[in-house]
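Undergrad: What follows is data01.cif, mmCIF, C-alpha atoms.
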data_upload
#
loop_
_atom_site.group_PDB
_atom_site.id
_atom_site.type_symbol
_atom_site.label_atom_id
_atom_site.label_comp_id
_atom_site.auth_asym_id
_atom_site.auth_seq_id
_atom_site.Cartn_x
_atom_site.Cartn_y
_atom_site.Cartn_z
ATOM 1 C CA MET A 2 6.241 133.603 1.608
ATOM 2 C CA VAL A 3 7.496 130.391 0.028
ATOM 3 C CA ARG A 4 8.728 127.565 2.213
ATOM 4 C CA ALA A 5 11.443 125.219 1.098
ATOM 5 C CA HIS A 6 10.498 121.575 1.336
ATOM 6 C CA ARG A 7 13.136 119.426 2.964
ATOM 7 C CA ALA A 8 13.495 115.717 3.280
ATOM 8 C CA ARG A 9 12.264 114.284 6.583
ATOM 9 C CA VAL A 10 13.882 111.406 8.406
ATOM 10 C CA ARG A 11 11.396 108.857 9.735
ATOM 11 C CA VAL A 12 11.706 105.573 11.561
ATOM 12 C CA GLU A 13 10.543 102.848 9.211
ATOM 13 C CA GLY A 14 9.405 99.288 9.808
ATOM 14 C CA VAL A 15 9.947 97.023 12.775
ATOM 15 C CA GLN A 16 13.032 98.128 14.663
ATOM 16 C CA PRO A 17 15.725 95.847 16.152
ATOM 17 C CA ALA A 18 14.716 96.972 19.661
ATOM 18 C CA GLN A 19 11.153 95.815 18.959
ATOM 19 C CA VAL A 20 12.342 92.402 17.746
ATOM 20 C CA LEU A 21 14.469 91.948 20.861
ATOM 21 C CA ALA A 22 11.587 93.077 23.114
ATOM 22 C CA ILE A 23 9.266 90.558 21.440
ATOM 23 C CA LEU A 24 11.784 87.723 21.853
ATOM 24 C CA LEU A 25 12.448 88.580 25.492
ATOM 25 C CA GLY A 26 8.734 88.966 26.186
ATOM 26 C CA VAL A 27 7.969 85.547 24.711
ATOM 27 C CA LEU A 28 10.833 83.925 26.644
ATOM 28 C CA PHE A 29 9.755 85.499 29.943
ATOM 29 C CA LEU A 30 6.136 84.525 29.358
ATOM 30 C CA ALA A 31 6.999 80.932 28.455
ATOM 31 C CA TYR A 32 9.425 80.516 31.368
ATOM 32 C CA GLY A 33 6.900 81.976 33.816
ATOM 33 C CA ILE A 34 4.075 79.736 32.598
ATOM 34 C CA ILE A 35 6.274 76.624 32.673
ATOM 35 C CA GLY A 36 7.400 77.580 36.169
ATOM 36 C CA LEU A 37 3.819 78.071 37.353
ATOM 37 C CA VAL A 38 2.804 74.705 35.913
ATOM 38 C CA LYS A 39 5.702 73.034 37.712
ATOM 39 C CA SER A 40 5.495 74.910 41.042
ATOM 40 C CA GLY A 41 1.796 75.659 41.307
ATOM 41 C CA PHE A 42 0.633 78.464 43.613
ATOM 42 C CA GLY A 43 1.300 76.826 46.995
ATOM 43 C CA ASP A 44 4.020 78.265 49.260
ATOM 44 C CA PHE A 45 4.002 81.490 47.234
ATOM 45 C CA THR A 46 7.328 82.880 48.479
ATOM 46 C CA GLY A 47 8.888 79.614 49.641
ATOM 47 C CA HIS A 48 11.674 77.469 48.270
ATOM 48 C CA GLY A 49 9.777 76.382 45.150
ATOM 49 C CA VAL A 50 11.317 74.267 42.407
ATOM 50 C CA THR A 51 14.342 74.390 40.132
ATOM 51 C CA LEU A 52 14.007 74.944 36.392
ATOM 52 C CA TRP A 53 17.196 74.529 34.379
ATOM 53 C CA ARG A 54 19.375 75.315 37.429
ATOM 54 C CA PHE A 55 17.341 78.456 38.231
ATOM 55 C CA SER A 56 15.039 78.917 41.221
ATOM 56 C CA ALA A 57 11.336 79.204 40.487
ATOM 57 C CA ASN A 58 8.827 79.803 43.252
ATOM 58 C CA PRO A 59 5.291 81.018 42.427
ATOM 59 C CA LEU A 60 6.140 84.688 43.133
ATOM 60 C CA ASN A 61 9.187 84.488 40.857
ATOM 61 C CA ASN A 62 7.049 82.888 38.133
ATOM 62 C CA VAL A 63 4.366 85.579 38.388
ATOM 63 C CA VAL A 64 7.104 88.223 38.013
ATOM 64 C CA HIS A 65 8.319 86.451 34.857
ATOM 65 C CA VAL A 66 4.799 86.260 33.389
ATOM 66 C CA ALA A 67 4.204 89.959 34.159
ATOM 67 C CA THR A 68 7.569 90.893 32.625
ATOM 68 C CA GLY A 69 6.703 88.904 29.492
ATOM 69 C CA VAL A 70 3.300 90.560 29.094
ATOM 70 C CA ILE A 71 4.797 94.023 29.632
ATOM 71 C CA GLY A 72 7.523 93.236 27.089
ATOM 72 C CA LEU A 73 5.029 92.128 24.451
ATOM 73 C CA LEU A 74 2.850 95.196 25.010
ATOM 74 C CA LEU A 75 5.782 97.613 24.886
ATOM 75 C CA ALA A 76 7.188 95.952 21.761
ATOM 76 C CA LEU A 77 4.398 97.571 19.731
ATOM 77 C CA GLY A 78 6.442 100.743 19.247
ATOM 78 C CA SER A 79 10.127 101.530 18.824
ATOM 79 C CA GLY A 80 10.277 103.992 21.727
ATOM 80 C CA ARG A 81 8.197 101.700 23.909
ATOM 81 C CA ALA A 82 10.528 98.782 23.194
ATOM 82 C CA ARG A 83 13.435 100.945 24.322
ATOM 83 C CA THR A 84 11.513 101.775 27.501
ATOM 84 C CA PHE A 85 11.111 98.037 28.120
ATOM 85 C CA GLY A 86 14.885 97.711 27.710
ATOM 86 C CA TRP A 87 15.488 100.389 30.340
ATOM 87 C CA LEU A 88 12.979 98.714 32.676
ATOM 88 C CA LEU A 89 14.799 95.385 32.280
ATOM 89 C CA PHE A 90 18.165 97.041 32.818
ATOM 90 C CA LEU A 91 17.083 98.816 35.999
ATOM 91 C CA GLY A 92 14.867 96.077 37.436
ATOM 92 C CA TYR A 93 17.067 93.078 36.769
ATOM 93 C CA GLY A 94 20.198 95.070 37.565
ATOM 94 C CA ALA A 95 18.681 95.770 40.980
ATOM 95 C CA LEU A 96 17.790 92.075 41.353
ATOM 96 C CA PHE A 97 21.394 91.187 40.493
ATOM 97 C CA VAL A 98 22.737 93.497 43.214
ATOM 98 C CA TRP A 99 20.127 92.238 45.705
ATOM 99 C CA GLY A 100 21.085 88.660 44.884
ATOM 100 C CA LEU A 101 24.745 89.475 45.500
ATOM 101 C CA MET A 102 23.782 90.891 48.900
ATOM 102 C CA LEU A 103 21.766 87.758 49.716
ATOM 103 C CA ALA A 104 24.644 85.505 48.670
ATOM 104 C CA GLY A 105 27.061 87.452 50.873
ATOM 105 C CA THR A 106 29.185 88.671 47.963
ATOM 106 C CA ILE A 107 28.346 92.222 49.032
ATOM 107 C CA THR A 108 28.761 92.162 52.795
ATOM 108 C CA VAL A 109 26.454 95.058 53.637
ATOM 109 C CA ASN A 110 22.818 94.123 53.053
ATOM 110 C CA PRO A 111 20.513 97.055 53.887
ATOM 111 C CA VAL A 112 17.458 95.013 52.828
ATOM 112 C CA SER A 113 18.198 91.884 54.877
ATOM 113 C CA GLY A 114 14.881 92.301 56.682
ATOM 114 C CA LEU A 115 13.039 91.517 53.440
ATOM 115 C CA GLY A 116 14.450 88.006 53.344
ATOM 116 C CA ASN A 117 14.533 86.157 50.005
ATOM 117 C CA PRO A 118 10.944 86.072 48.684
ATOM 118 C CA LEU A 119 12.080 85.344 45.106
ATOM 119 C CA ASN A 120 14.289 82.445 46.275
ATOM 120 C CA LEU A 121 17.357 83.849 44.513
ATOM 121 C CA ALA A 122 20.465 81.685 44.219
ATOM 122 C CA ASP A 123 23.884 82.162 42.584
ATOM 123 C CA ALA A 124 22.714 80.945 39.153
ATOM 124 C CA ASP A 125 19.805 83.410 39.304
ATOM 125 C CA ASN A 126 22.188 86.270 40.046
ATOM 126 C CA TRP A 127 24.201 85.685 36.894
ATOM 127 C CA LEU A 128 21.028 85.231 34.849
ATOM 128 C CA HIS A 129 19.776 88.580 36.157
ATOM 129 C CA LEU A 130 23.064 90.207 35.159
ATOM 130 C CA GLY A 131 22.636 88.796 31.638
ATOM 131 C CA ILE A 132 19.035 90.024 31.459
ATOM 132 C CA ALA A 133 20.130 93.498 32.609
ATOM 133 C CA VAL A 134 22.753 93.574 29.837
ATOM 134 C CA LEU A 135 20.142 92.487 27.264
ATOM 135 C CA GLY A 136 17.854 95.226 28.585
ATOM 136 C CA LEU A 137 20.596 97.812 28.119
ATOM 137 C CA LEU A 138 21.237 96.512 24.603
ATOM 138 C CA THR A 139 17.523 96.782 23.807
ATOM 139 C CA ALA A 140 17.424 100.324 25.170
ATOM 140 C CA VAL A 141 20.351 101.644 23.136
ATOM 141 C CA LEU A 142 20.035 99.753 19.848
ATOM 142 C CA PRO A 143 20.079 102.238 16.978
ATOM 143 C CA ALA A 144 16.894 102.682 14.984
ATOM 144 C CA ARG A 145 16.792 102.178 11.245
ATOM 145 C CA HIS A 146 15.744 105.381 9.574
ATOM 146 C CA GLY A 147 14.392 106.098 6.135
ATOM 147 C CA VAL A 148 14.437 109.415 4.340
ATOM 148 C CA LEU A 149 11.096 110.683 3.088
ATOM 149 C CA LEU A 150 11.567 113.134 0.229
ATOM 150 C CA PRO A 151 8.980 115.848 -0.493
ATOM 151 C CA GLU A 152 7.979 114.178 -3.764
ATOM 152 C CA ASP A 153 7.280 110.932 -1.879
ATOM 153 C CA GLU A 154 4.635 112.577 0.294
ATOM 154 C CA GLU A 155 0.971 112.445 -0.491
ATOM 155 C CA PRO A 156 -0.319 115.818 -1.699
ATOM 156 C CA VAL A 157 -2.372 117.531 0.968
ATOM 157 C CA GLU A 158 -5.265 119.719 -0.074
ATOM 158 C CA VAL A 159 -5.628 122.825 2.030
ATOM 159 C CA ASP A 160 -8.905 124.733 2.282
ATOM 160 C CA PRO A 161 -8.040 128.459 2.059
ATOM 161 C CA ALA A 162 -11.148 129.358 4.072
ATOM 162 C CA ALA A 163 -9.868 127.273 6.983
ATOM 163 C CA GLN A 164 -6.543 129.149 7.095
ATOM 164 C CA PRO A 165 -6.154 131.755 9.858
ATOM 165 C CA ARG A 166 -6.270 135.342 8.617
ATOM 166 C CA ARG A 167 -3.215 137.493 8.988
ATOM 167 C CA PRO A 168 -3.386 141.238 9.602
ATOM 168 C CA GLU A 169 -2.974 143.378 6.524
ATOM 169 C CA ALA A 170 0.295 145.133 5.864
ATOM 170 C CA GLY A 171 0.630 148.361 7.843
ATOM 171 C CA GLY A 172 -2.156 147.417 10.250
ATOM 172 C CA HIS A 173 -1.736 146.476 13.842
ATOM 173 C CA GLY A 174 -4.093 143.537 13.676
ATOM 174 C CA LEU A 175 -6.609 145.301 15.909
ATOM 175 C CA ALA A 176 -10.185 145.869 14.891
ATOM 176 C CA HIS A 177 -11.413 149.486 15.225
#
As structure tokens, please, write out the structure in this file.

TA:
Amino acid sequence: MVRAHRARVRVEGVQPAQVLAILLGVLFLAYGIIGLVKSGFGDFTGHGVTLWRFSANPLNNVVHVATGVIGLLLALGSGRARTFGWLLFLGYGALFVWGLMLAGTITVNPVSGLGNPLNLADADNWLHLGIAVLGLLTAVLPARHGVLLPEDEEPVEVDPAAQPRRPEAGGHGLAH
């Protein structure tokens, strides 16, 4: 039997989702480190400090550092970068909704017993909405594809002895 060789579509090079994941990872890492330098580790879930109008207590800064490291690690592959985008979308989308509940914008707060350990304020809520949107963008960015034609492939040598044996014509494939 002869098989027809068809062109294969492959993802080539660094993808836009990977570039965005790298940029976001670096920004999160830098912001978290700057925040930790400014706030230190005292009063871990307390009021903390303000960085560029955004709240930054030590817990919040550790979350940013962890998010940055995860982003940089997941940026190594196209699918992984998209996973990072979905994680940002879900995680920071949830933080946005939680922040709205803390601010009283959403009147029913089922998690009011947790308090405000991340020291979220109104500016943080809108930042989290923006991060969630960037996460969604990262998750759904189209990949650039290249077409690999059969003549572009490296020839592969096949050892006939290593091929599985097929039953002979007319036989049932059972040994007698």

Undergrad: Would you please work out which residue, of A:Tyr32, A:Ile23, A:Leu89, A:Val50, is nearest to Ala140 in chain A when using all atoms listed in the file?

TA: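 That would be A:Leu89, the residue with the smallest distance to Ala140 in chain A.
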
Undergrad: May I have the residues within 8 Å of range 96-108 of chain A as a VMD selection string, using all atoms listed in the file and disregarding those fewer than 4 positions away in the same chain?

TA: chain A and resid 92 113 117 121 to 123 125 to 127 129 to 130

Undergrad: Quick one: residues within 9 Å of range 63-78 of chain A, only C-alpha atoms counted, chain neighbours fewer than 4 positions away excluded, as an NGL selection string?

TA: :A and (15-16 or 18-34 or 36-37 or 58-59 or 82-86 or 89)

Undergrad: Counting all atoms listed in the file, which of A:Arg145, A:Lys39, A:His48, A:Arg54 gets nearest to Ala124 in chain A?

TA: A:Arg54

Undergrad: Do you have the CA of Gly41 in chain A-CA of Gly114 in chain A distance handy?

TA: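 If I compute the distance from CA of Gly41 in chain A to CA of Gly114 in chain A, I get 26.2 Å.
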
Undergrad: Report the distance between CA of Ala144 in chain A and CA of Arg81 in chain A in Å, rounded to one decimal place.

TA: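 Separation between CA of Ala144 in chain A and CA of Arg81 in chain A: 12.5 Å.
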
Undergrad: So how far away is CA of Trp53 in chain A from CA of Gly131 in chain A, in Å?

TA: 15.5 Å

Undergrad: Which is closer to Tyr93 in chain A than all the others in A:Phe42, A:Gly47, A:Ile132, A:Leu138, using only C-alpha atoms?

TA: A:Ile132

Undergrad: Taking all atoms listed in the file into account, name the residue in A:Gly116, A:Pro17, A:Leu88, A:Ser56 that is nearest to Leu128 in chain A.

TA: A:Ser56

Undergrad: So that all listed atoms of range 125-133 of chain A fit with 6 Å spare on each side, what axis-aligned box centre and edge lengths in Å, to one decimal, would you give as JSON?

TA:
{"center_x": 21.6, "center_y": 88.5, "center_z": 35.8, "size_x": 17.2, "size_y": 22.1, "size_z": 20.6}

Undergrad: Leaving out Phe90 in chain A and any residue of its chain fewer than 6 positions from it, which residues lie within 6 Å of it when counting only C-alpha atoms, given as a list in words?

TA: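 Near Phe90 in chain A, the qualifying residues are Ala133, Gly136 and Leu137 of chain A.
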